[in-house]
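*Asks:* Can you read through this structure? Questions will come right after.
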Number of protein chains: 2
Amino acid sequence: MLTRDDCLALDAADPLAKKRNEFSMPEGVIYLDGNSLGVPPKAALERLRHTAETEWGVGLIRSWNDAGWMDLPQTLGAKLARLMGVGTDEVLAVDTVTINLFKLAGALLGRTPGGIAAEQGEFPTDNHVMEGLSRFTGAHMHRVPPGTRPKDLPEGVTVFIKSGVHYRSAEIADFEGYEREAAQRGIAIIWDLSHATGLVDLKLKDWGAKYAVGCGYKFLSGGPGAPAFLYCDAGENGVLEHPIPGWLGHKRPFGFEDAYEPDSSIVRWRTSSPPILGLAALDGAVSVYDDVDMAEVEAKAQKLGDLFIERANALGLQIACAGVGQRRGGHVVISHDDGYAIVQALIARNIIGDFREPDIMRFGFNPLYNGYTEVFDAGLALAEVIETRQWDQPQFTAKKAVT
Amino acid sequence: MLTRDDCLALDAADPLAKKRNEFSMPEGVIYLDGNSLGVPPKAALERLRHTAETEWGVGLIRSWNDAGWMDLPQTLGAKLARLMGVGTDEVLAVDTVTINLFKLAGALLGRTPGGIAAEQGEFPTDNHVMEGLSRFTGAHMHRVPPGTRPKDLPEGVTVFIKSGVHYRSAEIADFEGYEREAAQRGIAIIWDLSHATGLVDLKLKDWGAKYAVGCGYKFLSGGPGAPAFLYCDAGENGVLEHPIPGWLGHKRPFGFEDAYEPDSSIVRWRTSSPPILGLAALDGAVSVYDDVDMAEVEAKAQKLGDLFIERANALGLQIACAGVGQRRGGHVVISHDDGYAIVQALIARNIIGDFREPDIMRFGFNPLYNGYTEVFDAGLALAEVIETRQWDQPQFTAKKAVT
């Protein structure tokens, strides 16, 4: 197991270590929940303040043109595209994950009627919105066992929802293999990249992926409830018609026509007026990635996770994700009957992770602001909490709503 | 016609005049476009800054509970409810106008299959999203002539979309009469209150209205692309199932279950994680209304409009909305073949209105920050621009994208 000195040396040699200074990190906290809500990049806060106080406060309505508000869903989308390995005209920052899943799946079912498939234990909203779409369209909804590959999906499935990184297990999907199998069967996969974007070195275009959604508030650190994004392959943008057409997806939005005529580009996926304050924060946040190599980010996330898992292994804890040296997303999952209380005891020490029912603790590592030494220190704290059963106190065991 | 001294006296006697100081109004501008994007209330900017820098920046993930983020769609909804004359448990700040129209109309059609009706010339997104819903469900879409009353709608219509204040004509709908006729025929009206909330003295419950949507960025001054809201009568909340179920509308969102079970309250209309930055700004903005009588707001808006129309009448301009002394929404509409250039010439004088194709100029009056004297001065400027044909210059006539 690495020593604290080893970790200090790793931090000193880490090319990403300098990025931490670009975040507004509160004093005295070891923050291991960037997989749920990222720490604010200073650029996000500055951009937000400028947008609110100057663009809105002084420019007022003129800023729709003069400050680039009207095109922000596309210009921000182009920046997100680089993190996903797709074309700059193929991504839009728009709506939410739930809404975008509905739009994409609804459009795909409209073109190729058939069934919908999602894994049991997939992130709930993905399952719920497909259930709603199924009820609404009559398309059959298949809840398939976790890990079911496209080649093994039931007959008749035409749309398959799949997380790029699973929110519980942190498993990174076999994007390329899944796409190969899906292509052979005429199945469209919609990837949910909520836990993947800004962390995994994504090469969607190389892998043959055509459709994806994701949120902006986890590793992208775009702020609480940040706008989501939608990726649609350029070849499909002029073809797919989604079920929730809005005026800003019209070919001539300011023609104010009754009949809808979709724009022929990614713009057709727009609906109502874009949430400029949220987009501004996310746009500032994404600028942190300008000089970052995503392969380095993913590799460091795994090393930070390995470090934490080694400590957990030494404590005899049950690891519920890929182990040391194995590929996984940006969080480590430990299963424990008293997981809730353990997370609370760590939070009381200003070490912040999260808990998911019924028994999993998640600790997320954002390579842009988390370092080896602090993860080492978090591991030591975990050891103390476990070994002294410090978590076994009423203030930690009494449950309140968690997010 | 009132003199400038008359206007000074009106401002001095105006109980709402003191509210102007609660807005961050830029120097040297007469802003007559609050019907499109309101001026920031100081409380909105302060609340936004606190939410970003302290709640997000310091509280981080803990703020979902500790800062009330998780319940913000409901707590803000309760404040909006007062402005609409409905119960505090009947409004949610959520998604966008387009999405909320889809959710409400989809849920209503799910319960009572039938046709959809919307007026020709209704705000485009209302028409477009109903067209999408029609294509998606097979429900027939009727585009009825403007002013068609519920009693005159075609047979078989079960859902009717109608603006509370029309975006072009500024006509305030006959809410109560429409609801009476609709009830007799079993038609559900979904009111689009985008141009009404924060301006019209709404008494939806008294009028029998059960469903409404609206945006937060016009008279409510919640910021560019501010979150929208959804009103659903409490008696219907436990019954209607909308087509886009998301995890935060689940009865037990943190149970992370595969199967969707809707919450039995207004919460079931929630979908994905709420856009906290946008909600915070809107929440701050709405606080400006805490000590305001909406009847006074609506009455003053009409007087400000009257003042401007009197000037336009004197110039021989064509008024395309209700005239002096007649009830109308918060904006005045003047039709002119060179409307675009005239609006540009006024903007060059820091008098900001907007233009809508093909030929209408809109001047909006927000009684919380617009005063009689500045509207008088804007009228004088309009007279100069018209009488000297000042608008007839290339820098004003050359069109660019407008919002």
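Going by the structure tokens order, chains are called A, B, ..., each with residues numbered from 1, while ligands are numbered from 1 in the order shown.
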Looking only at strand (DSSP E or B) from DSSP on the backbone, list the matching residues of range 164-240 of chain A as a ChimeraX atom specification.

*Replies:* /A:165,172,188-192,211-214,229-232

*Asks:* Just the helix (DSSP H, G or I) stuff from range 157-278 of chain B, please, per backbone DSSP, written as an NGL selection string.

*Replies:* :B and (175-185 or 204-207 or 234-237 or 247-249 or 253-255 or 266-269 or 276-278)

*Asks:* List the neighbours of Phe376 in chain B out to 8 Å using only C-alpha atoms; skip same-chain residues closer than 4 positions along the sequence, and give me the result as a PDB file with C-alpha atoms, in the first residue's frame.

*Replies:*
```pdb
ATOM      1  CA  ARG B   4     -45.039  65.981 -18.492  1.00  0.00           C
ATOM      2  CA  CYS B   7     -46.836  62.604 -15.268  1.00  0.00           C
ATOM      3  CA  LEU B 307     -50.459  57.269 -21.992  1.00  0.00           C
ATOM      4  CA  PHE B 308     -48.327  55.783 -24.756  1.00  0.00           C
ATOM      5  CA  TYR B 372     -45.376  57.766 -16.031  1.00  0.00           C
ATOM      6  CA  LEU B 380     -41.941  62.155 -27.182  1.00  0.00           C
TER       7      LEU B 380
END
```

*Asks:* Which is closer to chain A than all the others in B:Val159, B:Ala383, B:Ala196, B:Leu277, using only C-alpha atoms?

*Replies:*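 Closest to chain A, using only C-alpha atoms: B:Leu277.
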
*Asks:* Env of Val385 in chain A: 12 Å cut, atoms = only C-alpha atoms, seq-sep filter 4 positions within chain, self excluded. Answer as JSON, numbers by chain.

*Replies:* {"A": [312, 315, 338, 339, 341, 342, 343, 344, 345, 346, 347, 348, 349, 351, 378, 379, 380, 381, 389, 390, 391, 392, 393, 396]}

*Asks:* Export C-alpha atoms of the chosen residues as a JSON list (two decimals), in the first residue's frame?

*Replies:*
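Just written: again.json:
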```json
[["chain", "number", "residue", "atom", "x", "y", "z"],
["A", 312, "ALA", "CA", -10.93, -0.43, 2.07],
["A", 315, "LEU", "CA", -10.25, -2.93, 6.37],
["A", 338, "ASP", "CA", -24.29, 0.61, 8.07],
["A", 339, "GLY", "CA", -23.21, 2.59, 5.03],
["A", 341, "ALA", "CA", -24.11, 6.06, 9.25],
["A", 342, "ILE", "CA", -20.52, 5.63, 8.07],
["A", 343, "VAL", "CA", -21.02, 8.31, 5.39],
["A", 344, "GLN", "CA", -22.56, 10.61, 8.00],
["A", 345, "ALA", "CA", -19.63, 10.06, 10.37],
["A", 346, "LEU", "CA", -17.22, 10.93, 7.57],
["A", 347, "ILE", "CA", -19.21, 14.05, 6.67],
["A", 348, "ALA", "CA", -18.93, 15.13, 10.32],
["A", 349, "ARG", "CA", -15.16, 15.03, 9.71],
["A", 351, "ILE", "CA", -14.99, 14.19, 4.28],
["A", 378, "ALA", "CA", -9.74, 10.18, 3.50],
["A", 379, "GLY", "CA", -8.79, 6.50, 3.58],
["A", 380, "LEU", "CA", -7.15, 6.94, 6.98],
["A", 381, "ALA", "CA", -10.28, 8.64, 8.28],
["A", 389, "ARG", "CA", -17.14, 2.02, 15.19],
["A", 390, "GLN", "CA", -17.42, 5.78, 15.43],
["A", 391, "TRP", "CA", -20.40, 5.70, 13.08],
["A", 392, "ASP", "CA", -22.49, 3.86, 15.64],
["A", 393, "GLN", "CA", -23.98, 6.95, 17.28],
["A", 396, "PHE", "CA", -25.11, 9.37, 12.41]]
```

*Asks:* Within 10 Å of Gly325 in chain B, counting only C-alpha atoms, which residues qualify if same-chain residues fewer than 6 places away don't, as a PyMOL selection string?

*Replies:* chain B and resi 302-303+305-307

*Asks:* Would you save the residues of that selection, restricted to C-alpha atoms, as a PDB file, in the first residue's frame?

*Replies:*
```pdb
ATOM      1  CA  GLN B 302     -53.170  49.947 -18.318  1.00  0.00           C
ATOM      2  CA  LYS B 303     -52.662  53.623 -17.450  1.00  0.00           C
ATOM      3  CA  GLY B 305     -50.253  51.902 -21.893  1.00  0.00           C
ATOM      4  CA  ASP B 306     -53.009  54.483 -22.289  1.00  0.00           C
ATOM      5  CA  LEU B 307     -50.459  57.269 -21.992  1.00  0.00           C
TER       6      LEU B 307
END
```

*Asks:* Please find the residues of chain A near chain B - the criterion being any atom within 7 Å, counting only C-alpha atoms - and write them as number ranges by chain.

*Replies:* A: 24, 26, 37, 39-40, 45, 52, 57-58, 60-61, 64, 96-98, 102, 120-121, 124-125, 127-129, 132-133, 136, 224-226, 243-247, 255-260, 271-278, 357, 403

*Asks:* Taking only C-alpha atoms into account, name the residue in A:Pro150, A:Gly198, A:Gly138, A:Gly186 that is nearest to Tyr289 in chain A.

*Replies:*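 Of A:Pro150, A:Gly198, A:Gly138, A:Gly186, the one nearest Tyr289 in chain A is A:Gly198, counting only C-alpha atoms.
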
*Asks:* Between CA of Leu282 in chain B and CA of Arg82 in chain B, what distance in Å does the model show, to one decimal?

*Replies:*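 Interatomic distance, CA of Leu282 in chain B to CA of Arg82 in chain B: 14.7 Å.
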
*Asks:* Any idea what the distance is between CA of Ala212 in chain B and CA of Met361 in chain B?

*Replies:* 27.3 Å

*Asks:* With distances taken over only C-alpha atoms, which of A:Leu32, A:Thr373, A:Lys205, A:Ala322 is nearest to Val86 in chain A?

*Replies:*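 Closest residue, counting only C-alpha atoms: A:Lys205.
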
*Asks:* List the neighbours of Glu298 in chain A out to 10 Å using only C-alpha atoms; skip same-chain residues closer than 6 positions along the sequence, and give me the result as a count of residues only.

*Replies:* 12

*Asks:* My list of candidates is A:Ala188, A:Ile266, A:Ala170, A:Met84. Which is closest to Gly114 in chain A when distances are computed with only C-alpha atoms?

*Replies:*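 Nearest candidate to Gly114 in chain A out of A:Ala188, A:Ile266, A:Ala170, A:Met84: A:Ala188.
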
*Asks:* Rank nothing, just name the residue among B:Ala209, B:Val288, B:Val165, B:Ile309 nearest to Gly85 in chain B, using only C-alpha atoms.

*Replies:* B:Ala209

*Asks:* Give me the residues within 10 Å of Leu16 in chain A as a ChimeraX atom specification, counting only C-alpha atoms and dropping any in the same chain fewer than 6 places off.

*Replies:* /A:291-293,296-297,300,367-371

*Asks:* For CA of Ile360 in chain A and CA of Val333 in chain A, quote the distance in Å rounded to one decimal.

*Replies:*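 Answer for the CA of Ile360 in chain A to CA of Val333 in chain A separation: 6.4 Å.
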